[in-house]
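So this one's model.csv, CSV, C-alpha atoms and all ligand atoms:
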```csv
chain,number,residue,atom,x,y,z
P,8,MET,CA,0.0,0.0,0.0
P,9,ALA,CA,1.4,3.4,-1.0
P,10,TYR,CA,1.8,6.1,1.5
P,11,GLU,CA,0.0,9.4,0.8
P,12,VAL,CA,2.0,12.4,1.8
P,13,LYS,CA,2.5,16.1,1.0
P,14,GLY,CA,5.4,17.2,-1.3
P,15,VAL,CA,6.7,20.2,-3.2
P,16,VAL,CA,6.3,19.8,-6.9
P,17,ALA,CA,7.5,21.9,-9.9
P,18,ARG,CA,4.8,21.2,-12.5
P,19,SER,CA,6.2,23.2,-15.5
P,20,LYS,CA,9.1,25.3,-16.5
P,21,GLY,CA,9.3,28.5,-14.5
P,22,ALA,CA,5.9,28.1,-12.8
P,23,PRO,CA,5.8,28.6,-9.0
P,24,VAL,CA,6.1,25.3,-7.1
P,25,SER,CA,3.0,23.9,-5.4
P,26,ILE,CA,2.2,21.5,-2.6
P,27,GLU,CA,0.7,18.3,-3.9
P,28,THR,CA,-0.4,15.0,-2.5
P,29,ILE,CA,2.1,12.4,-3.6
P,30,LEU,CA,2.0,8.6,-3.5
P,31,VAL,CA,5.1,6.9,-2.2
P,32,PRO,CA,5.2,3.2,-2.9
P,33,ASP,CA,6.2,0.5,-0.3
P,34,PRO,CA,9.9,-0.1,-0.8
P,35,GLY,CA,10.8,-2.8,-3.3
P,36,PRO,CA,14.0,-4.9,-3.4
P,37,GLY,CA,17.0,-2.7,-2.5
P,38,GLU,CA,14.8,0.3,-1.7
P,39,ALA,CA,14.1,2.3,1.5
P,40,VAL,CA,11.4,4.8,2.5
P,41,VAL,CA,12.7,7.6,4.7
P,42,ASP,CA,10.7,10.0,6.9
P,43,VAL,CA,12.3,13.3,6.0
P,44,GLN,CA,13.0,15.5,9.0
P,45,ALA,CA,14.8,18.5,7.3
P,46,CYS,CA,15.8,19.4,3.8
P,47,GLY,CA,17.8,22.5,2.7
P,48,VAL,CA,16.8,24.6,-0.4
P,49,CYS,CA,19.7,24.4,-2.8
P,50,HIS,CA,20.2,26.5,-5.9
P,51,THR,CA,20.0,23.3,-8.0
P,52,ASP,CA,16.3,23.0,-7.0
P,53,LEU,CA,15.7,26.4,-8.6
P,54,HIS,CA,17.7,25.2,-11.7
P,55,TYR,CA,15.2,22.3,-11.9
P,56,ARG,CA,12.2,24.6,-11.6
P,57,GLU,CA,13.7,26.9,-14.3
P,58,GLY,CA,14.0,23.9,-16.7
P,59,GLY,CA,17.8,24.3,-16.6
P,60,ILE,CA,18.6,20.7,-15.8
P,61,ASN,CA,16.2,18.8,-18.0
P,62,ASP,CA,12.5,18.8,-19.2
P,63,GLU,CA,11.3,15.8,-17.2
P,64,PHE,CA,8.5,17.7,-15.4
P,65,PRO,CA,6.8,17.3,-12.9
P,66,PHE,CA,9.7,17.3,-10.5
P,67,LEU,CA,9.5,16.4,-6.8
P,68,LEU,CA,12.0,18.9,-5.5
P,69,GLY,CA,14.4,18.8,-2.5
P,70,HIS,CA,17.6,16.8,-2.2
P,71,GLU,CA,19.6,18.0,0.8
P,72,ALA,CA,18.0,16.0,3.6
P,73,ALA,CA,18.3,14.0,6.8
P,74,GLY,CA,15.7,11.7,8.2
P,75,VAL,CA,14.9,8.3,9.7
P,76,VAL,CA,14.5,5.1,7.7
P,77,SER,CA,10.8,4.0,8.1
P,78,ALA,CA,10.7,0.9,5.8
P,79,VAL,CA,13.1,-1.2,3.8
P,80,GLY,CA,12.6,-3.6,0.9
P,81,GLU,CA,13.8,-7.1,0.4
P,82,GLY,CA,17.6,-7.6,0.5
P,83,VAL,CA,18.5,-4.3,2.2
P,84,THR,CA,21.4,-4.8,4.6
P,85,ASN,CA,23.1,-1.4,4.9
P,86,VAL,CA,20.3,0.3,6.8
P,87,ALA,CA,17.4,-0.7,9.0
P,88,VAL,CA,14.2,0.8,10.2
P,89,GLY,CA,15.0,3.6,12.8
P,90,ASP,CA,18.4,4.4,11.4
P,91,TYR,CA,19.2,8.2,11.2
P,92,VAL,CA,20.5,8.9,7.7
P,93,VAL,CA,21.6,11.7,5.3
P,94,LEU,CA,20.4,11.1,1.7
P,95,ASN,CA,23.0,11.1,-1.0
P,96,TRP,CA,22.9,11.3,-4.8
P,97,ARG,CA,26.0,9.1,-5.2
P,98,ALA,CA,24.9,5.5,-4.4
P,99,VAL,CA,27.8,3.8,-6.1
P,100,CYS,CA,27.2,0.7,-8.2
P,101,GLY,CA,30.5,-1.1,-7.7
P,102,GLN,CA,30.4,-2.5,-11.2
P,103,CYS,CA,30.8,0.3,-13.8
P,104,ARG,CA,34.2,1.1,-15.3
P,105,ALA,CA,35.0,3.9,-12.8
P,106,CYS,CA,34.1,1.7,-9.8
P,107,LEU,CA,36.1,-1.2,-11.2
P,108,LYS,CA,39.2,1.1,-11.4
P,109,GLY,CA,38.7,1.9,-7.7
P,110,GLN,CA,37.4,5.4,-8.6
P,111,LEU,CA,34.1,5.1,-6.8
P,112,GLN,CA,33.7,8.9,-6.6
P,113,TYR,CA,33.3,9.0,-10.4
P,114,CYS,CA,30.7,6.1,-10.5
P,115,PHE,CA,28.9,6.4,-13.9
P,116,ASN,CA,25.9,4.3,-12.9
P,117,THR,CA,24.7,5.4,-9.5
P,118,HIS,CA,21.6,3.8,-8.0
P,119,ASN,CA,18.2,5.4,-7.5
P,120,ALA,CA,14.9,3.8,-6.5
P,121,ALA,CA,13.5,1.6,-9.3
P,122,GLN,CA,9.9,2.4,-8.5
P,123,LYS,CA,8.4,5.8,-9.2
P,124,MET,CA,6.6,8.2,-6.8
P,125,THR,CA,3.5,9.7,-8.4
P,126,LEU,CA,0.9,12.4,-8.1
P,127,ALA,CA,-2.5,11.3,-6.8
P,128,ASP,CA,-3.7,10.8,-10.5
P,129,GLY,CA,-0.8,8.5,-11.2
P,130,THR,CA,1.5,10.9,-13.1
P,131,GLU,CA,5.1,9.8,-12.5
P,132,LEU,CA,7.3,12.3,-10.7
P,133,SER,CA,11.0,13.0,-11.4
P,134,PRO,CA,12.7,13.3,-8.0
P,135,ALA,CA,15.4,16.0,-7.9
P,136,LEU,CA,18.8,14.3,-8.1
P,137,GLY,CA,16.9,11.0,-7.6
P,138,ILE,CA,15.9,12.1,-4.1
P,139,GLY,CA,12.8,14.3,-3.9
P,140,ALA,CA,12.9,15.2,-0.2
P,141,PHE,CA,10.6,18.3,0.1
P,142,ALA,CA,8.1,15.6,1.2
P,143,GLU,CA,7.1,13.9,4.4
P,144,LYS,CA,8.4,10.6,3.1
P,145,THR,CA,10.5,9.8,0.1
P,146,LEU,CA,11.5,6.6,-1.7
P,147,VAL,CA,15.2,6.1,-2.5
P,148,HIS,CA,17.7,3.3,-3.2
P,149,SER,CA,19.0,2.0,0.1
P,150,GLY,CA,22.5,3.0,-1.0
P,151,GLN,CA,21.3,6.6,-1.0
P,152,CYS,CA,21.0,6.4,2.8
P,153,THR,CA,24.2,7.2,4.7
P,154,LYS,CA,24.1,6.7,8.4
P,155,VAL,CA,25.5,9.5,10.5
P,156,ASP,CA,25.7,10.3,14.3
P,157,PRO,CA,22.1,11.1,15.5
P,158,ALA,CA,23.5,13.7,17.9
P,159,ALA,CA,23.6,16.1,14.9
P,160,PRO,CA,20.3,17.8,14.4
P,161,PRO,CA,18.7,17.1,11.0
P,162,THR,CA,18.7,20.9,10.0
P,163,ALA,CA,22.6,20.7,10.1
P,164,ALA,CA,23.2,17.1,9.0
P,165,GLY,CA,20.9,17.3,6.0
P,166,LEU,CA,23.0,20.1,4.4
P,167,VAL,CA,25.9,17.7,4.1
P,168,GLY,CA,23.8,15.8,1.5
P,169,CYS,CA,24.5,18.3,-1.3
P,170,GLY,CA,25.7,21.9,-1.2
P,171,ILE,CA,28.0,21.7,1.8
P,172,MET,CA,29.6,18.5,0.6
P,173,ALA,CA,30.0,19.9,-2.9
P,174,GLY,CA,31.8,23.0,-1.6
P,175,ALA,CA,33.9,21.4,1.1
P,176,GLY,CA,34.8,18.5,-1.2
P,177,ALA,CA,35.8,20.9,-3.9
P,178,ALA,CA,38.5,22.2,-1.5
P,179,LEU,CA,39.4,19.0,0.3
P,180,ASN,CA,39.0,16.4,-2.4
P,181,THR,CA,39.1,18.0,-5.9
P,182,GLY,CA,41.4,20.9,-5.1
P,183,ALA,CA,43.3,18.9,-2.5
P,184,VAL,CA,44.2,22.1,-0.6
P,185,GLN,CA,47.3,21.7,1.5
P,186,ARG,CA,48.5,23.3,4.7
P,187,GLY,CA,49.9,26.8,4.0
P,188,GLU,CA,48.4,27.1,0.6
P,189,SER,CA,46.4,30.1,-0.8
P,190,VAL,CA,42.9,29.7,-2.1
P,191,ALA,CA,40.4,32.0,-3.7
P,192,VAL,CA,36.7,31.2,-3.8
P,193,PHE,CA,34.4,32.9,-6.3
P,194,GLY,CA,30.8,33.1,-5.2
P,195,CYS,CA,30.0,33.0,-1.5
P,196,GLY,CA,26.6,31.3,-1.3
P,197,GLY,CA,26.2,28.1,0.7
P,198,VAL,CA,28.4,26.2,-1.7
P,199,GLY,CA,31.2,28.8,-1.8
P,200,ASP,CA,31.2,29.3,2.0
P,201,ALA,CA,31.5,25.5,2.4
P,202,ALA,CA,34.6,25.6,0.1
P,203,ILE,CA,36.0,28.4,2.3
P,204,ALA,CA,35.3,26.3,5.5
P,205,GLY,CA,36.9,23.3,3.7
P,206,ALA,CA,40.0,25.3,2.8
P,207,LYS,CA,40.3,26.5,6.4
P,208,LEU,CA,40.0,22.9,7.6
P,209,ALA,CA,42.7,21.8,5.2
P,210,GLY,CA,45.1,24.5,6.7
P,211,ALA,CA,45.1,27.1,3.9
P,212,THR,CA,46.6,30.3,5.3
P,213,THR,CA,45.3,32.8,2.7
P,214,ILE,CA,41.6,32.4,1.8
P,215,VAL,CA,40.2,35.1,-0.5
P,216,ALA,CA,36.4,35.4,-0.8
P,217,VAL,CA,35.1,37.0,-4.0
P,218,ASP,CA,31.5,38.0,-4.5
P,219,ILE,CA,29.4,40.9,-5.8
P,220,ASP,CA,27.4,41.3,-2.6
P,221,ASP,CA,29.0,42.8,0.5
P,222,ARG,CA,26.6,41.0,2.8
P,223,LYS,CA,27.9,37.7,1.4
P,224,LEU,CA,31.5,38.8,1.9
P,225,GLU,CA,30.8,39.6,5.5
P,226,TRP,CA,29.4,36.1,6.1
P,227,ALA,CA,32.3,34.6,4.2
P,228,ARG,CA,34.7,35.9,6.9
P,229,GLU,CA,32.8,33.9,9.5
P,230,PHE,CA,33.6,30.7,7.6
P,231,GLY,CA,37.3,31.5,7.4
P,232,ALA,CA,38.0,34.0,4.6
P,233,THR,CA,41.1,36.0,5.5
P,234,HIS,CA,40.4,38.6,2.7
P,235,THR,CA,37.4,39.7,0.7
P,236,VAL,CA,37.0,41.2,-2.7
P,237,ASN,CA,33.8,42.8,-4.2
P,238,SER,CA,34.3,42.0,-7.8
P,239,LYS,CA,31.7,44.5,-8.9
P,240,GLU,CA,34.0,47.3,-7.6
P,241,THR,CA,37.5,45.8,-7.8
P,242,ASP,CA,39.2,43.6,-10.5
P,243,PRO,CA,39.5,40.3,-8.6
P,244,VAL,CA,42.5,39.1,-10.6
P,245,GLU,CA,44.5,42.1,-9.7
P,246,ALA,CA,43.4,42.1,-6.1
P,247,ILE,CA,44.2,38.4,-5.6
P,248,LYS,CA,47.7,38.9,-7.2
P,249,ALA,CA,48.3,41.8,-4.9
P,250,LEU,CA,47.5,39.5,-1.9
P,251,THR,CA,49.8,36.7,-3.0
P,252,GLY,CA,53.1,38.5,-3.8
P,253,GLY,CA,52.0,39.1,-7.4
P,254,PHE,CA,51.7,35.4,-8.2
P,255,GLY,CA,48.1,34.3,-7.7
P,256,VAL,CA,46.6,31.6,-5.6
P,257,ASP,CA,47.4,27.9,-5.5
P,258,VAL,CA,43.7,26.9,-5.8
P,259,ALA,CA,40.9,29.0,-7.4
P,260,ILE,CA,37.4,27.6,-6.9
P,261,GLU,CA,34.5,28.8,-9.1
P,262,ALA,CA,31.2,28.4,-7.2
P,263,VAL,CA,28.9,30.6,-9.4
P,264,GLY,CA,28.5,28.8,-12.7
P,265,HIS,CA,29.4,31.7,-15.1
P,266,PRO,CA,32.0,31.8,-17.9
P,267,LYS,CA,33.2,35.3,-16.9
P,268,VAL,CA,33.8,34.1,-13.3
P,269,LEU,CA,35.6,31.0,-14.6
P,270,GLU,CA,37.9,33.3,-16.6
P,271,GLN,CA,38.6,35.3,-13.4
P,272,ALA,CA,39.4,32.1,-11.5
P,273,PHE,CA,41.6,30.9,-14.3
P,274,TYR,CA,43.7,34.1,-14.3
P,275,SER,CA,43.9,34.5,-10.6
P,276,ARG,CA,45.8,31.3,-10.1
P,277,ASP,CA,49.6,30.8,-9.8
P,278,LEU,CA,51.6,28.8,-12.3
P,279,ALA,CA,50.8,25.1,-11.8
P,280,GLY,CA,47.8,26.0,-9.7
P,281,ARG,CA,44.5,24.2,-9.7
P,282,VAL,CA,41.1,25.7,-10.9
P,283,VAL,CA,38.1,23.9,-9.5
P,284,LEU,CA,34.7,24.2,-11.2
P,285,VAL,CA,31.7,23.8,-8.9
P,286,GLY,CA,29.1,26.2,-10.3
P,287,VAL,CA,26.6,24.6,-12.7
P,288,PRO,CA,26.5,26.4,-16.1
P,289,THR,CA,23.5,26.5,-18.4
P,290,PRO,CA,23.7,24.6,-21.7
P,291,GLU,CA,24.3,27.7,-23.9
P,292,MET,CA,27.3,29.0,-22.0
P,293,THR,CA,30.7,28.7,-23.7
P,294,VAL,CA,34.3,29.5,-22.5
P,295,GLU,CA,37.0,30.9,-24.7
P,296,LEU,CA,40.6,31.0,-23.4
P,297,PRO,CA,43.9,31.5,-25.3
P,298,HIS,CA,45.3,28.0,-25.9
P,299,ILE,CA,48.8,29.3,-25.0
P,300,GLU,CA,47.6,30.4,-21.5
P,301,LEU,CA,45.9,27.0,-20.9
P,302,TYR,CA,49.1,25.3,-21.8
P,303,GLY,CA,51.6,27.7,-20.5
P,304,ARG,CA,50.3,28.0,-17.0
P,305,GLY,CA,50.3,24.3,-16.4
P,306,GLY,CA,48.5,22.9,-13.4
P,307,ALA,CA,44.9,21.5,-13.6
P,308,ILE,CA,41.4,22.5,-14.4
P,309,LYS,CA,39.1,20.2,-12.5
P,310,PRO,CA,35.3,20.0,-12.5
P,311,ALA,CA,34.0,18.9,-9.1
P,312,TRP,CA,30.7,17.0,-9.1
P,313,TYR,CA,29.5,16.7,-5.5
P,314,GLY,CA,32.9,17.5,-4.3
P,315,ASP,CA,34.3,14.2,-5.6
P,316,CYS,CA,32.8,12.7,-2.4
P,317,LEU,CA,32.2,9.2,-1.3
P,318,PRO,CA,29.2,9.6,1.0
P,319,SER,CA,30.1,6.6,3.1
P,320,ARG,CA,33.5,8.2,3.8
P,321,ASP,CA,32.8,11.9,3.8
P,322,PHE,CA,29.3,12.4,5.3
P,323,PRO,CA,30.2,10.9,8.8
P,324,MET,CA,33.5,12.8,8.7
P,325,LEU,CA,31.8,16.2,8.2
P,326,VAL,CA,29.1,15.4,10.7
P,327,ASP,CA,31.7,14.3,13.3
P,328,LEU,CA,33.8,17.4,12.7
P,329,TYR,CA,30.6,19.4,13.2
P,330,LEU,CA,29.9,17.7,16.5
P,331,GLN,CA,33.4,18.4,17.6
P,332,GLY,CA,33.0,22.1,16.8
P,333,ARG,CA,35.4,22.0,13.9
P,334,PHE,CA,33.0,22.5,10.9
P,335,PRO,CA,30.2,25.1,11.3
P,336,LEU,CA,27.2,23.5,9.8
P,337,ASP,CA,24.8,25.6,11.9
P,338,LYS,CA,26.1,28.8,10.4
P,339,PHE,CA,24.7,27.8,7.0
P,340,VAL,CA,21.2,27.7,8.3
P,341,SER,CA,19.7,31.2,7.7
P,342,GLU,CA,16.2,30.2,8.6
P,343,THR,CA,13.9,27.2,9.1
P,344,ILE,CA,10.6,27.1,7.1
P,345,GLY,CA,7.7,24.9,6.3
P,346,LEU,CA,7.0,23.0,3.1
P,347,ASP,CA,4.7,25.8,2.0
P,348,SER,CA,7.5,28.4,1.9
P,349,VAL,CA,9.9,26.9,-0.7
P,350,GLU,CA,8.8,29.3,-3.4
P,351,GLU,CA,9.5,32.2,-1.0
P,352,ALA,CA,12.9,30.7,-0.2
P,353,PHE,CA,13.8,30.7,-3.9
P,354,GLU,CA,13.0,34.4,-4.0
P,355,LYS,CA,15.2,35.1,-0.9
P,356,MET,CA,18.0,33.0,-2.4
P,357,HIS,CA,17.7,35.1,-5.6
P,358,ARG,CA,17.9,38.3,-3.6
P,359,GLY,CA,20.9,37.0,-1.7
P,360,GLU,CA,19.2,37.1,1.7
P,361,VAL,CA,20.0,33.6,2.8
P,362,LEU,CA,22.7,30.9,2.7
P,363,ARG,CA,20.3,28.1,3.3
P,364,SER,CA,16.6,28.1,4.0
P,365,VAL,CA,15.9,24.7,5.6
P,366,VAL,CA,12.5,23.0,5.4
P,367,VAL,CA,11.6,21.3,8.7
P,368,LEU,CA,9.0,18.5,8.7
R,401,LIG,N1,29.0,20.8,-8.6
R,401,LIG,C1,28.1,20.4,-7.7
R,401,LIG,O1,28.2,19.2,-7.3
R,401,LIG,C2,27.1,21.3,-7.1
R,401,LIG,C3,26.4,21.0,-6.0
R,401,LIG,C4,25.5,22.0,-5.4
R,401,LIG,C5,25.4,23.2,-6.1
R,401,LIG,N2,26.1,23.5,-7.2
R,401,LIG,C6,26.1,24.8,-7.8
R,401,LIG,O2,26.9,25.7,-7.2
R,401,LIG,C7,26.5,27.1,-7.4
R,401,LIG,C8,26.3,27.8,-6.1
R,401,LIG,O3,25.2,27.3,-5.4
R,401,LIG,P1,24.7,28.0,-4.1
R,401,LIG,O4,23.6,27.2,-3.5
R,401,LIG,O5,25.8,28.5,-3.2
R,401,LIG,O6,24.0,29.3,-4.8
R,401,LIG,P2,23.8,30.8,-4.2
R,401,LIG,O7,22.8,31.4,-5.1
R,401,LIG,O8,23.4,30.7,-2.7
R,401,LIG,O9,25.2,31.5,-4.2
R,401,LIG,C9,25.8,32.1,-5.4
R,401,LIG,C10,26.7,33.3,-4.9
R,401,LIG,O10,27.4,33.8,-6.1
R,401,LIG,C11,27.4,35.2,-6.0
R,401,LIG,N3,27.6,35.7,-7.4
R,401,LIG,C12,26.7,35.8,-8.4
R,401,LIG,N4,27.3,36.3,-9.5
R,401,LIG,C13,28.6,36.5,-9.2
R,401,LIG,C14,29.7,37.0,-9.9
R,401,LIG,N5,29.6,37.4,-11.2
R,401,LIG,N6,30.9,37.1,-9.3
R,401,LIG,C15,31.0,36.6,-8.0
R,401,LIG,N7,30.0,36.2,-7.3
R,401,LIG,C16,28.8,36.1,-7.9
R,401,LIG,C17,26.1,35.5,-5.4
R,401,LIG,O11,26.1,36.8,-4.9
R,401,LIG,C18,25.9,34.4,-4.4
R,401,LIG,O12,26.5,34.8,-3.1
R,401,LIG,C19,25.2,26.9,-8.2
R,401,LIG,O13,25.5,27.0,-9.6
R,401,LIG,C20,24.7,25.5,-7.9
R,401,LIG,O14,23.9,24.9,-8.9
R,401,LIG,C21,27.0,22.6,-7.7
R,402,ZN,ZN,29.9,2.6,-10.5
R,403,ZN,ZN,22.1,20.7,-4.3
```

Would you write the structure of this file as structure tokens?
Ligand SMILES: NC(=O)c1ccc[n+]([C@@H]2O[C@H](COP(=O)([O-])OP(=O)(O)OC[C@H]3O[C@@H](n4cnc5c(N)ncnc54)[C@H](O)[C@@H]3O)[C@@H](O)[C@H]2O)c1
Ligand SMILES: [Zn+2]
Ligand SMILES: [Zn+2]
Amino acid sequence: MAYEVKGVVARSKGAPVSIETILVPDPGPGEAVVDVQACGVCHTDLHYREGGINDEFPFLLGHEAAGVVSAVGEGVTNVAVGDYVVLNWRAVCGQCRACLKGQLQYCFNTHNAAQKMTLADGTELSPALGIGAFAEKTLVHSGQCTKVDPAAPPTAAGLVGCGIMAGAGAALNTGAVQRGESVAVFGCGGVGDAAIAGAKLAGATTIVAVDIDDRKLEWAREFGATHTVNSKETDPVEAIKALTGGFGVDVAIEAVGHPKVLEQAFYSRDLAGRVVLVGVPTPEMTVELPHIELYGRGGAIKPAWYGDCLPSRDFPMLVDLYLQGRFPLDKFVSETIGLDSVEEAFEKMHRGEVLRSVVVL
């Protein structure tokens, strides 16, 4: 028997989201149903609503969540009813060519639930990033459930499931920031600030925050930025060079998703430095760089999907660091809201008023 619950649905491109009754099937083999306790509003949810990801409307939004497993299907051994979990969008298959090379963080065939959640009239829903957690219950593959310490409140723990992992992992995993290195982070939303916190954790001694909004730059300092640059007023490449002996940073992280910003990140890095791409571009965006500069500067240009994380390794790590006071998950929570305020939260995000609005259920 399917469960009947409320969920936040984007029905068509650009239209405001609505609360709908959704049907969540009993878990089949390898699946789990999770009672969602909290779910952050990520910019990627807005990208879905805008039709920027794909056209598979209607979407069940929400993908940055923590909750408790309430039912499991046949053959599930990694979690049991009552387990406190953060949901992930990288349930590795163990069998694709990336997994077989031991590079599970690139898994090309990640698992999602096989069954579909639907609207009351039977219309199949596309859950955002295979999760769909702006809902009282959601159906996922059991591999999408990562157990973490229940001492961490769901408002904080859930954020690890997307944006915070993407940002922190961009610094810790993809950029592999080392003690004493210099880092610049372009775009200080939830994702960029997590990259700043990750760089601080890794021991970077110069961390330059770049944004076009002074309020965001103020917040960035609280996460560990040692310097800030408003790129609306100041050329960020010149400013970053001035802060690094004229050379540029070891690691430049782009957390906006704009070719102009990528170009700034590219030129603000020292020879042999790393550029890390976290921001999600839209399909029509193109980048043009002089071939000689690409070649001549050496180093690496590395896209970071989900911070190159392995949820089983990295989620408990971030949650434990949080519980020890070494990673400030609470600071990302600007407000807690109900399911009925997601549309408003998108507007606040757009106006730059929040790092994360978190839906509490
Ligand atoms: N790669 C991944 O795995 C992954 C995961 C989650 C989110 N993302 C993406 O990361 C990006 C950031 O997400 P977020 O939730 O932090 O969004 P956000 O809207 O909260 O933050 C974006 C920040 O960029 C700033 N900004 C805008 N234009 C700028 C410019 N020209 N120069 C400098 N700063 C500028 C804004 O003022 C804001 O502070 C989005 O594109 C999102 O889709 C990627
Ligand atoms: Zn795989
Ligand atoms: Zn996200």

| request: Give the residues close to ligand ZN 402 (chain R), within 9 Å, counting all atoms listed in the file; write them as number ranges by chain. | output: P: 98-107, 110-118

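Minimum atom-to-atom distances from P:Leu166, P:Ile308, P:Val83, P:Ala279 to ligand ZN 403 (chain R) were compared using only C-alpha atoms and all ligand atoms, and the lowest value belongs to P:Leu166.
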
| request: Identify, counting only C-alpha atoms and all ligand atoms, the protein, DNA and RNA residues located within 8 Å of ligand LIG 401 (chain R), and give them as a PyMOL selection string. | output: chain P and resi 48-51+54+169-174+193-200+217-220+223+237-239+262-265+267-268+284-288+310-314+356-357+359+361-363

| message | Give me the residues near Pro157 in chain P as a list in words, where near means some atom within 9 Å (using all atoms listed in the file) and where sequence neighbours in that chain fewer than 2 positions away do not count. | response | Asp90, Tyr91, Val92, Lys154, Val155, Ala159, Pro160, Pro161 and Ala164 of chain P

| request: Name all residues at most 8 Å from Pro318 in chain P (count all atoms listed in the file; drop same-chain ones fewer than 6 positions away) and give them as a ChimeraX atom specification. | output: /P:95,97,153

| Could you state the separation of CA of Gln151 in chain P and CA of Asp52 in chain P in Å, given to one decimal place? | 18.2 Å

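Closest approach to Leu208 in chain P from the set P:Tyr329, P:Gly69, P:Glu300, P:Ala135 is made by P:Tyr329, with distances taken over all atoms listed in the file.
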